[in-house]
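This report refers to the structure that appears directly beneath it.
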Amino acid sequence: MNKQLVKWAALVGLCAYVFFSCSSTPTEVPTTTQEAGESAPSISEPAVQEPEVFTTVNFAQRLQKTLDEGTIEDALALFQELPPEYEDDLDMQLIYASLLVSAGKLDEASTVTDKLLASHPENSDVMMLSVMLAKASGDSTAKNAKLKELLKNDPSNSDANVALADDQMLRRNYKLAGQYYRKGLEGDPNHIDALSGYGQASYYNGDDRASRSAFNKILELDPDNSIAYSFLGKLDAADENYYSATKNIEKAIAIDDDILDYWLDYGQYLRYQGKFQEAEAAWIKAKDLKPDYFLGYAYLAGLYDEQNRLDESLEMYRKVVQYNPKYYFAYESIGMLAWNKKNYAEARAAFQKAYTAYSDNISYPLMIAATYLKENNTKDCKTFLTKVMKNRPTDSLEYVMLRLYYDGLADQRVAQKIANESNKNLKGKMMYYYGLFNEIHGNDVQSKKYYTDVLALNSPMFFEYRLAEWAVGESMK
């Protein structure tokens with residue numbers, strides 16, 4: 001079900017019916033009382049159950065209960081029971097058409113909407129319904145045209161401005177989105193969607209004060225608004241107040257416990273407080289909520305890696321790329337972890353994926369070459385490196401290292417170039433690969449020296465630092 005459309009329908013229609021009910025009372029069913037002194041009959045008559053009198057209040061309650069407990073099809077079926085005098089009622093038809101859009105019955109929704117537009121061409125709610133229908137149909141041109149027409153007649157229409165703002169949020173144009181949300185609030189300062197959107201846009205624009213103010217106001221109007229609590233948690237976390245952030249996200253989860261992002265944030269706040277077991281549980285919950293989404297696996301992979309649970313970390317990273325093949329950082333981690341397990345074929349495949357995404361990173365082709373050499377496959381190594389070395393400056397440190405792996409012959413000029421390198425990260429990487437070259441070719445003394453030199457930098461800003469740690473640890477067994 002499209003919850004946003006149902007929510008809009010409820011705001012437009014159901015609230016109207018509750019309002020209208022204030023001017024009328026349900027018809028009372030008459031009861032029979034016994035006259036004073038009248039003798040009671042010897043056999044009591046069975047009570048006759050009077051049919052329930054239709055009221056807008058009763059219908060609104062039934063509809064809301066059906067939406068909460070049943071399906072949207074069940075809700076639509078209720079409209080077949082409307083008394084004839086309500087079949088053309090504007091608010092009834094607005095709700096009915098909105099539910100049809102939510103159910104994906106766009107042709108039927110269009111028929112109802114066209115009829116409403118013909119009879120109420122300047123009604124803002126009807127025009128907004130036509131906007132929602134155009135959006136659901138994927139007709140952005142028609143949607144934008146209808147929004148402009150609506151705003152021409154009603155520039156501060158909150159729903160229309162929110163719709164425009166939502167489009168800008170999807171484009172990550174948070175500044176313009178904030179302007180539209182603010183315009184919507186001019187029409188209705190208590191419009192929940194406008195407040196929520198403005199709070200989010202302000203958050204992404206770095207205006208934490210305006211964001212916090214908007215979400216606090218939402219909670220005054222709607223104490224069970226989980227989005228407000230979740231963003232207040234984000235704001236607290238940005239201030240490194242992780243205890244308060246945790247309390248806010250726990251309130252959001254207590255209201256809506258099936259929102260993936262809440263569990264992801266919850267795990268992060270717990271992890272920042274050193275509560276690793278609780279963070280793991282939160283991220284497992286996130287993973288289980290949406291098993292085909294990569295981010296829950298990514299958080300777990302990082303946590304397991306940090307705890308040196310390398311087999312579990314590798315398995316999670318495999319899941320990451322299964323569900324998001326473009327997540328290049330996971331390929332790098334898979335390559336490292338598979339290398340550590342001496343699974344060179346998997347390591348090579350992972351580094352090749354990373355190299356395809358970021359061909360400028362010299363680490364990836366050198367690791368690919370190393371996996372070939374670990375398998376004594378010099379032919380494929382040379383074929384691969386021939387392509388890599390093409391168009392690289394021959395006097396660069398990167399080129400001479402690639403050439404070293406291609407030729408397979410020790411060259412003291414490489415060591416000299418490494419010693420003269422001023423870039424600390426590049427120097428550290430090249431020391432690792434020079435050590436690895438020596439290890440592959442059986443020179444354990446030289447390899448250990450260069451691995452130790454990498455660790456002496458005490459600056460793990462490149463993944464080879466960790467590979468050097470593993471290599472030194474392996475040599476000490």
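For the structure tokens, the naming scheme is as follows: chains receive sequential letters (A, B, ...) according to their order of presentation, residues are indexed from 1 within each chain, and ligands are indexed from 1 in presentation order.
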May I have the residues within 8 Å of Tyr242 in chain A as a compact mmCIF listing (two decimals) with N, CA and C atoms, in the first residue's frame, using only C-alpha atoms and disregarding those fewer than 6 positions away in the same chain?
# COMPACT_ATOMS: atom_id res chain seq x y z
N ASP A 236 21.45 14.71 17.58
CA ASP A 236 22.23 14.44 18.79
C ASP A 236 23.54 13.75 18.43
N TYR A 269 24.80 4.26 16.87
CA TYR A 269 24.89 4.98 18.14
C TYR A 269 25.42 4.06 19.25
N LEU A 270 24.98 2.80 19.21
CA LEU A 270 25.45 1.84 20.21
C LEU A 270 26.94 1.55 20.02
N TYR A 272 29.21 3.48 18.75
CA TYR A 272 30.00 4.63 19.19
C TYR A 272 30.16 4.67 20.71
N GLN A 273 29.25 4.02 21.42
CA GLN A 273 29.34 3.95 22.88
C GLN A 273 30.07 2.69 23.34
Problem - Contacts of Phe54 in chain A within 8 Å, only C-alpha atoms, excl. fewer than 4 positions in-chain, as a ChimeraX atom specification - result: /A:58-59,83
Handout entry: d(CA of Ile362 in chain A, CA of Glu398 in chain A) in Å
Key =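 These two atoms are separated by 6.8 Å.
From CA of Gly104 in chain A back to CA of Leu117 in chain A, the distance works out to 19.9 Å.
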Give me, as JSON lines, each residue of range 201-302 of chain A that comes within 12 Å of range 162-172 of chain A, together with its shortest interatomic pair and the distance in Å at one decimal, counting only C-alpha atoms, with rows ordered by chain and rising residue number.
{"residue": "A:Ala201", "atom": "CA", "partner": "A:Met169", "partner_atom": "CA", "distance": 7.4}
{"residue": "A:Ser202", "atom": "CA", "partner": "A:Met169", "partner_atom": "CA", "distance": 11.2}
{"residue": "A:Tyr203", "atom": "CA", "partner": "A:Met169", "partner_atom": "CA", "distance": 11.9}
{"residue": "A:Tyr204", "atom": "CA", "partner": "A:Arg172", "partner_atom": "CA", "distance": 8.9}
{"residue": "A:Asn205", "atom": "CA", "partner": "A:Arg172", "partner_atom": "CA", "distance": 10.1}
Generate the output file for the selected residues, C-alpha atoms, as a PDB file, in the first residue's frame.
ATOM      1  CA  ALA A 201      16.031  19.740   4.423  1.00  0.00           C
ATOM      2  CA  SER A 202      17.444  21.914   7.215  1.00  0.00           C
ATOM      3  CA  TYR A 203      19.354  18.923   8.579  1.00  0.00           C
ATOM      4  CA  TYR A 204      20.994  18.258   5.212  1.00  0.00           C
ATOM      5  CA  ASN A 205      21.654  21.972   4.740  1.00  0.00           C
TER       6      ASN A 205
END
Exercise for the section: Quick one: everything within 8 Å of Leu402 in chain A, counting only C-alpha atoms, minus sequence neighbours fewer than 5 positions away in the same chain. Send it as a PyMOL selection string. Expected result: chain A and resi 366+385+389
Exercise for the section: Pick out each residue of range 133-319 of chain A that DSSP on the backbone tags as helix (DSSP H, G or I); I need them as a VMD selection string. Expected result: chain A and resid 133 to 136 140 to 153 158 to 170 174 to 187 192 to 204 208 to 221 226 to 238 242 to 255 260 to 272 276 to 289 294 to 306 310 to 319
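Across the structure, CA of Asn423 in chain A and CA of Tyr327 in chain A are spaced 27.7 Å apart.
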Problem - Residue contacts of Asp407 in chain A (12 Å, only C-alpha atoms) excluding same-chain residues fewer than 6 positions away, as a ChimeraX atom specification - result: /A:369,373,378-379,381-383,385-386,400-401,437,441
Handout entry: Of the listed residues A:Trp263, A:Ser130, A:Asn343, A:Glu278, that which approaches Lys290 in chain A most closely, counting only C-alpha atoms
Key =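 Among the listed residues, the smallest separation from Lys290 in chain A belongs to A:Trp263.
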Handout entry: Surrounding residues of range 140-150 of chain A excluding itself and chain neighbours under 6 positions, 12 Å, only C-alpha atoms, as a PyMOL selection string
Key = chain A and resi 117+121-134+156-165+167
Exercise for the section: Pick out the residues sitting within 10 Å of Asp107 in chain A, and hand them over as an NGL selection string; count only C-alpha atoms, and ignore anything fewer than 5 positions along from it in its own chain. Expected result: :A and (100-101 or 112-113 or 133 or 137)
Problem - For Ser363 in chain A: contacts at 9 Å, only C-alpha atoms, fewer than 2 positions along chain excluded, given as number ranges by chain - result: A: 351, 355, 360-361, 365-368, 429-430, 433, 463-464
